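The next block holds one structure in the form of structure tokens; read it before the comments.
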Amino acid sequence: MQTSIGVFSTRAEAENAVRELLDLQIPKEAITFLTPEVGTQESTGVARTMGAFVGGAVAGGAGFSAGLAAATLLVPGVGPILAIGVGAAALLGLGGAAAGRAAGGAIETSLEAEEAEQRPEFAFFRKVLNEHHSVVVVNSENEDQHKKACSVLDRLGVRATPDDGTPEACQISTREVSDITVISLTGRVALGQGSSEVRSLVHRYVGEGRRKFLLDMAGVTYIDSSGLGELVGAMTTVRSAKGAMKLTRISPRVSELLRMTHLDKVFEVKPDEAEAIASFVA
């Protein structure tokens with residue numbers, strides 16, 4: 001399964017992306033929609049009022065439907081978050097039972113601040129949602145779906161200044177500095193250019209018992225929605241194993257994207273390798 005992530009400045013832009021995804025025959029079960037813009041009239045019962053939205057506004061009457069969970073997550077410091085999609089329950093840690101509920105019987109829960117800090121898969125989304133952005137996540141079962149999803153999310157979502165489009169497949173090299181695995185990336189961390197290899201490599205190393213990772217991104221020229229999905233996925237894998245992942249030597253173009261998507265507030269970023277290495281033992 002491949003993950004792509006789109007960050008949107010407004011809920012309307014995210015809704016348009018979902019419409020296009022459905023028009024491209026992306027299965028509704030593969031799409032998760034997160035937005036903080038659920039209204040201020042009431043903080044409880046809000047998800048139960050979203051039936052028309054689930055079946056109408058986003059899906060045009062033929063997309064999201066019964067069987068997809070809609071959850072209102074009340075997050076300290078963020079407020080009520082609407083999450084729609086089969087993947088929403090797992091993504092937000094609501095458990096398997098939630099995924100089987102219809103939108104009309106939506107789940108409501110609260111998330112304590114301490115628990116949110118311990119949930120690496122939610123840390124990124126919490127930062128983005130706190131800035132009043134919306135997020136669309138697509139978990140694709142095959143390469144064709146992944147390509148279609150990335151084309152929509154990259155075109156409509158928040159993104160940095162486009163690069164020159166030169167095909168420059170991601171190159172990956174690794175080395176050990178004490179007990180720290182340094183992974184050097186060069187080229188484009190993008191669809192079809194090695195983005196999926198990053199998370200696979202980190203997953204393998206975690207399975208071997210490694211817990212400290214430093215991503216040297218000095219040579220990275222571009223990251224797309226697929227690359228964002230892989231970075232967040234790698235981070236989740238490491239933190240779930242009680243490890244740590246940090247970034248260093250980020251180019252101005254990549255730094256811009258991380259700032260716009262608020263990943264710069266999720267990853268710990270160090271200016272150079274020496275400082276990054278020292279920070280693991282500080």
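Every chain in the structure tokens takes a letter, A first, then B, and so on in the order presented; its residues are numbered from 1, and the ligands are numbered from 1 following the presented order.
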Inset, instruction - Write out as a count of residues only the residues lying within 10 Å of Val269 of chain A, counting only C-alpha atoms and excluding same-chain residues fewer than 4 positions away. - result: 13
Legend entry - 12 Å contact set for Arg204 of chain A, only C-alpha atoms, chain neighbours under 6 positions out, as a list in words: Glu197, Val198, Arg210, Arg211, Ala234, Thr237 and Val238 of chain A
With N, CA and C atoms kept, could you save the residues just selected as a PDB file, in the first residue's frame?
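Dumped everything to result27.pdb:
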```
ATOM      1  N   GLU A 197      10.913   3.854  -1.375  1.00  0.00           N
ATOM      2  CA  GLU A 197      12.064   3.145  -0.831  1.00  0.00           C
ATOM      3  C   GLU A 197      12.476   3.681   0.531  1.00  0.00           C
ATOM      4  N   VAL A 198      12.160   4.939   0.809  1.00  0.00           N
ATOM      5  CA  VAL A 198      12.567   5.543   2.075  1.00  0.00           C
ATOM      6  C   VAL A 198      11.899   4.830   3.247  1.00  0.00           C
ATOM      7  N   ARG A 210      17.405  -1.064  14.950  1.00  0.00           N
ATOM      8  CA  ARG A 210      17.925   0.294  14.949  1.00  0.00           C
ATOM      9  C   ARG A 210      16.828   1.260  15.394  1.00  0.00           C
ATOM     10  N   ARG A 211      17.221   2.290  16.149  1.00  0.00           N
ATOM     11  CA  ARG A 211      16.226   3.187  16.716  1.00  0.00           C
ATOM     12  C   ARG A 211      16.535   4.676  16.510  1.00  0.00           C
ATOM     13  N   ALA A 234       7.592   6.982   7.563  1.00  0.00           N
ATOM     14  CA  ALA A 234       8.861   6.596   8.168  1.00  0.00           C
ATOM     15  C   ALA A 234       8.945   7.110   9.601  1.00  0.00           C
ATOM     16  N   THR A 237       6.799   4.944  11.838  1.00  0.00           N
ATOM     17  CA  THR A 237       7.438   3.656  12.097  1.00  0.00           C
ATOM     18  C   THR A 237       8.486   3.776  13.190  1.00  0.00           C
ATOM     19  N   VAL A 238       9.320   4.804  13.098  1.00  0.00           N
ATOM     20  CA  VAL A 238      10.402   4.986  14.066  1.00  0.00           C
ATOM     21  C   VAL A 238       9.866   5.329  15.445  1.00  0.00           C
TER      22      VAL A 238
END
```
Inset, instruction - Please identify all polymer residues within 9 Å of Leu231 of chain A, counting only C-alpha atoms, omitting same-chain residues fewer than 3 positions from it, and present them as a PyMOL selection string. - result: chain A and resi 195+198-199+226-228+234-236
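Proximity to Thr186 of chain A was assessed for A:Ile26, A:Met1, A:Cys170, A:Leu258 counting only C-alpha atoms; the smallest distance is recorded for A:Cys170.
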Legend entry - Separation of atom CA of Thr35 of chain A from atom CA of Asn139 of chain A in Å: 17.8 Å
